[in-house]
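Structure file model30.cif; described as mmCIF, C-alpha atoms.
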```
data_run
loop_
_atom_site.group_PDB
_atom_site.id
_atom_site.type_symbol
_atom_site.label_atom_id
_atom_site.label_comp_id
_atom_site.auth_asym_id
_atom_site.auth_seq_id
_atom_site.Cartn_x
_atom_site.Cartn_y
_atom_site.Cartn_z
ATOM 1 C CA MET J 1 107.954 87.580 109.268
ATOM 2 C CA ALA J 2 106.092 88.709 112.349
ATOM 3 C CA ARG J 3 107.349 88.560 115.920
ATOM 4 C CA VAL J 4 106.167 89.413 119.400
ATOM 5 C CA THR J 5 108.465 89.447 122.409
ATOM 6 C CA THR J 6 107.122 88.085 125.686
ATOM 7 C CA ALA J 7 108.588 87.712 129.152
ATOM 8 C CA GLY J 8 110.715 84.589 129.538
ATOM 9 C CA GLN J 9 108.373 82.922 132.028
ATOM 10 C CA ARG J 10 105.213 83.525 129.958
ATOM 11 C CA HIS J 11 103.777 80.851 127.711
ATOM 12 C CA ASP J 12 104.112 81.490 123.972
ATOM 13 C CA SER J 13 100.429 80.868 123.307
ATOM 14 C CA LEU J 14 99.542 84.080 125.212
ATOM 15 C CA ALA J 15 101.122 86.070 122.391
ATOM 16 C CA PHE J 16 99.281 84.129 119.670
ATOM 17 C CA GLU J 17 96.577 86.666 118.806
ATOM 18 C CA PRO J 18 98.904 89.724 118.851
ATOM 19 C CA LEU J 19 101.305 87.789 116.609
ATOM 20 C CA MET J 20 98.542 86.879 114.163
ATOM 21 C CA GLY J 21 97.471 90.533 114.160
ATOM 22 C CA ARG J 22 100.945 91.578 112.964
ATOM 23 C CA LEU J 23 101.157 88.938 110.245
ATOM 24 C CA ARG J 24 101.444 90.275 106.689
ATOM 25 C CA ILE J 25 101.818 87.931 103.715
ATOM 26 C CA ARG J 26 103.047 89.653 100.591
ATOM 27 C CA ARG J 27 101.067 89.053 97.415
ATOM 28 C CA LEU J 28 102.777 87.939 94.224
ATOM 29 C CA GLY J 29 101.335 90.820 92.230
ATOM 30 C CA ARG J 30 100.086 94.200 93.288
ATOM 31 C CA GLY J 31 97.850 94.842 96.244
ATOM 32 C CA ARG J 32 98.072 95.087 99.969
ATOM 33 C CA PRO J 33 99.402 92.096 101.890
ATOM 34 C CA ARG J 34 97.115 89.345 103.128
ATOM 35 C CA THR J 35 96.545 89.055 106.857
ATOM 36 C CA ARG J 36 95.110 85.544 106.820
ATOM 37 C CA PRO J 37 97.355 82.574 106.042
ATOM 38 C CA GLY J 38 95.900 79.474 104.422
ATOM 39 C CA ARG J 39 97.263 77.100 107.073
ATOM 40 C CA LEU J 40 98.878 77.294 110.499
ATOM 41 C CA LEU J 41 101.418 74.707 111.644
ATOM 42 C CA ALA J 42 101.956 74.651 115.403
ATOM 43 C CA ASP J 43 103.053 72.275 118.141
ATOM 44 C CA LYS J 44 100.922 70.783 120.927
ATOM 45 C CA ALA J 45 101.346 73.865 123.115
ATOM 46 C CA TYR J 46 98.928 75.696 120.801
ATOM 47 C CA SER J 47 96.251 72.999 121.033
ATOM 48 C CA ASN J 48 93.659 74.746 123.163
ATOM 49 C CA ARG J 49 90.065 75.814 122.741
ATOM 50 C CA THR J 50 90.781 79.549 122.458
ATOM 51 C CA ILE J 51 93.335 79.241 119.672
ATOM 52 C CA ARG J 52 91.318 76.679 117.712
ATOM 53 C CA ALA J 53 88.211 78.897 117.961
ATOM 54 C CA TYR J 54 90.207 81.913 116.751
ATOM 55 C CA LEU J 55 91.470 79.943 113.758
ATOM 56 C CA ARG J 56 87.975 78.657 112.916
ATOM 57 C CA ARG J 57 86.581 82.192 113.135
ATOM 58 C CA ARG J 58 89.177 83.415 110.632
ATOM 59 C CA ARG J 59 88.825 80.265 108.445
ATOM 60 C CA ILE J 60 92.469 79.280 108.831
ATOM 61 C CA LYS J 61 93.230 75.566 108.561
ATOM 62 C CA ALA J 62 94.983 74.333 111.684
ATOM 63 C CA THR J 63 97.583 71.576 111.698
ATOM 64 C CA ILE J 64 98.101 71.191 115.422
ATOM 65 C CA PRO J 65 98.477 67.784 117.097
ATOM 66 C CA GLU J 66 96.069 67.170 119.926
ATOM 67 C CA LYS J 67 97.484 66.837 123.444
ATOM 68 C CA THR J 68 97.230 63.398 125.045
ATOM 69 C CA ASP J 69 95.156 64.662 127.988
ATOM 70 C CA GLN J 70 92.692 66.299 125.559
ATOM 71 C CA GLN J 71 92.364 63.010 123.684
ATOM 72 C CA GLN J 72 91.708 61.142 126.940
ATOM 73 C CA THR J 73 89.130 63.708 128.097
ATOM 74 C CA ARG J 74 87.314 63.555 124.780
ATOM 75 C CA ALA J 75 87.365 59.736 124.819
ATOM 76 C CA ALA J 76 86.057 59.654 128.405
ATOM 77 C CA LYS J 77 83.018 61.701 127.355
ATOM 78 C CA GLY J 78 82.143 59.077 124.768
ATOM 79 C CA SER J 79 79.829 60.238 121.995
ATOM 80 C CA HIS J 80 79.431 63.608 123.754
ATOM 81 C CA GLY J 81 83.157 64.260 123.449
ATOM 82 C CA GLY J 82 82.872 65.172 119.796
ATOM 83 C CA ARG J 83 85.155 64.411 116.918
ATOM 84 C CA PRO J 84 88.907 64.899 117.085
ATOM 85 C CA PRO J 85 90.206 68.002 115.305
ATOM 86 C CA ALA J 86 91.518 67.462 111.788
ATOM 87 C CA PHE J 87 95.250 66.821 111.587
ATOM 88 C CA ASP J 88 97.411 66.386 108.481
ATOM 89 C CA PRO J 89 100.664 64.577 109.384
ATOM 90 C CA GLU J 90 102.213 65.292 105.968
ATOM 91 C CA ALA J 91 101.661 69.054 106.296
ATOM 92 C CA TYR J 92 102.948 68.916 109.891
ATOM 93 C CA LYS J 93 106.340 67.683 108.642
ATOM 94 C CA GLN J 94 106.917 71.146 107.136
ATOM 95 C CA ARG J 95 107.085 72.575 110.679
ATOM 96 C CA ASN J 96 110.589 71.124 110.864
ATOM 97 C CA THR J 97 111.818 74.015 108.690
ATOM 98 C CA VAL J 98 110.634 76.576 111.231
ATOM 99 C CA GLU J 99 112.191 74.681 114.138
ATOM 100 C CA ARG J 100 115.543 74.532 112.336
ATOM 101 C CA GLY J 101 115.326 78.302 111.773
ATOM 102 C CA HIS J 102 114.734 78.857 115.505
ATOM 103 C CA ASN J 103 117.701 76.642 116.324
ATOM 104 C CA LYS J 104 119.941 78.619 113.949
ATOM 105 C CA LEU J 105 118.872 81.855 115.658
ATOM 106 C CA LYS J 106 119.487 80.399 119.109
ATOM 107 C CA ALA J 107 123.024 79.467 118.068
ATOM 108 C CA PHE J 108 123.742 83.176 118.606
ATOM 109 C CA ARG J 109 124.372 83.671 122.311
ATOM 110 C CA GLY J 110 122.712 87.097 122.453
ATOM 111 C CA VAL J 111 119.490 85.628 121.089
ATOM 112 C CA ALA J 112 119.548 82.445 123.176
ATOM 113 C CA MET J 113 120.377 84.168 126.483
ATOM 114 C CA ARG J 114 118.402 87.343 125.787
ATOM 115 C CA THR J 115 120.998 89.529 127.431
ATOM 116 C CA ASP J 116 119.433 92.690 125.972
ATOM 117 C CA LYS J 117 117.029 94.308 128.417
ATOM 118 C CA ARG J 118 115.155 96.526 125.983
ATOM 119 C CA GLU J 119 112.849 95.030 123.411
ATOM 120 C CA PHE J 120 114.020 97.179 120.485
ATOM 121 C CA VAL J 121 117.649 96.224 121.152
ATOM 122 C CA PHE J 122 116.708 92.534 121.331
ATOM 123 C CA HIS J 123 114.829 92.854 118.016
ATOM 124 C CA GLY J 124 117.968 94.390 116.529
ATOM 125 C CA THR J 125 119.997 91.435 117.793
ATOM 126 C CA ILE J 126 117.551 89.055 116.118
ATOM 127 C CA ASP J 127 117.734 91.092 112.900
ATOM 128 C CA ILE J 128 121.536 90.968 112.835
ATOM 129 C CA ALA J 129 121.565 87.227 113.573
ATOM 130 C CA SER J 130 118.989 86.674 110.801
ATOM 131 C CA ILE J 131 121.070 88.671 108.316
ATOM 132 C CA LYS J 132 124.198 86.683 109.207
ATOM 133 C CA ILE J 133 122.287 83.402 108.722
ATOM 134 C CA TRP J 134 120.878 84.648 105.413
ATOM 135 C CA LEU J 135 124.340 85.706 104.184
ATOM 136 C CA ARG J 136 125.838 82.332 105.100
ATOM 137 C CA HIS J 137 122.983 80.540 103.344
ATOM 138 C CA SER J 138 123.213 82.673 100.198
ATOM 139 C CA ALA J 139 126.996 82.171 100.049
ATOM 140 C CA LYS J 140 126.491 78.383 100.096
ATOM 141 C CA GLN J 141 123.813 78.585 97.395
ATOM 142 C CA ASP J 142 125.940 80.137 94.628
ATOM 143 C CA PRO J 143 129.595 78.963 94.830
ATOM 144 C CA ALA J 144 130.052 78.925 91.028
ATOM 145 C CA ASP J 145 129.388 82.652 90.672
ATOM 146 C CA THR J 146 132.919 83.947 91.363
ATOM 147 C CA THR J 147 133.341 86.346 88.444
#
```
Whole structure, structure tokens version:
Amino acid sequence: MARVTTAGQRHDSLAFEPLMGRLRIRRLGRGRPRTRPGRLLADKAYSNRTIRAYLRRRRIKATIPEKTDQQQTRAAKGSHGGRPPAFDPEAYKQRNTVERGHNKLKAFRGVAMRTDKREFVFHGTIDIASIKIWLRHSAKQDPADTT
């Protein structure tokens, strides 16, 4: 998991490239982790020219719905507007898992309200909340193992 903390009033897409730079995907066997995922699932907020160009440059498949105003602008240009970006609605359904994870984290008041002023303390709060969620989940997974 990679994370970047931004100011509350800043848009999340501004931290996109630093976040992608921190991403490390562990390999099944030996070797250093990959830094390029096969696919990125994101919401409409990440549908802009800069992010799509970055993903094309790194050959990462993007599953990002196009904003309505971008669709209208492209349609108004006619044949000069180009083709719409590829979008896989079935793959996009997997984004629900990430959103549920965010909601579980935000159930912790310290994470939702961001009462910690220092970034390293806030990251610790997120770590503790994540561990508590993981422990709850693992306890529900194996109720028969009580020996």
Inset, instruction - State, in Å with one decimal place, the distance from atom CA of J:Leu14 to atom CA of J:Ala62. - result: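 Interatomic distance here is 17.3 Å.
Here the question is which of J:Ala15, J:Val111, J:Ala139, J:Ile60 gets nearest to J:Ile126 using only C-alpha atoms, and that residue is J:Val111.
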Legend entry - Two-atom distance - atom CA of J:Lys106, atom CA of J:Asp88 (Å): 28.2 Å
Inset, instruction - Give the answer as one residue: which of J:Leu41, J:Ala7, J:Met20, J:Met113 has the shortest atom-to-atom distance to J:Val98, using all atoms listed in the file? - result: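 When distances to J:Val98 are compared using all atoms listed in the file, the smallest one comes from J:Leu41.
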Legend entry - Spatial neighbours of J:Glu66, max dist 7 Å, only C-alpha atoms, sep filter under 2 positions, as a ChimeraX atom specification: /J:44,47,64,68,70-71
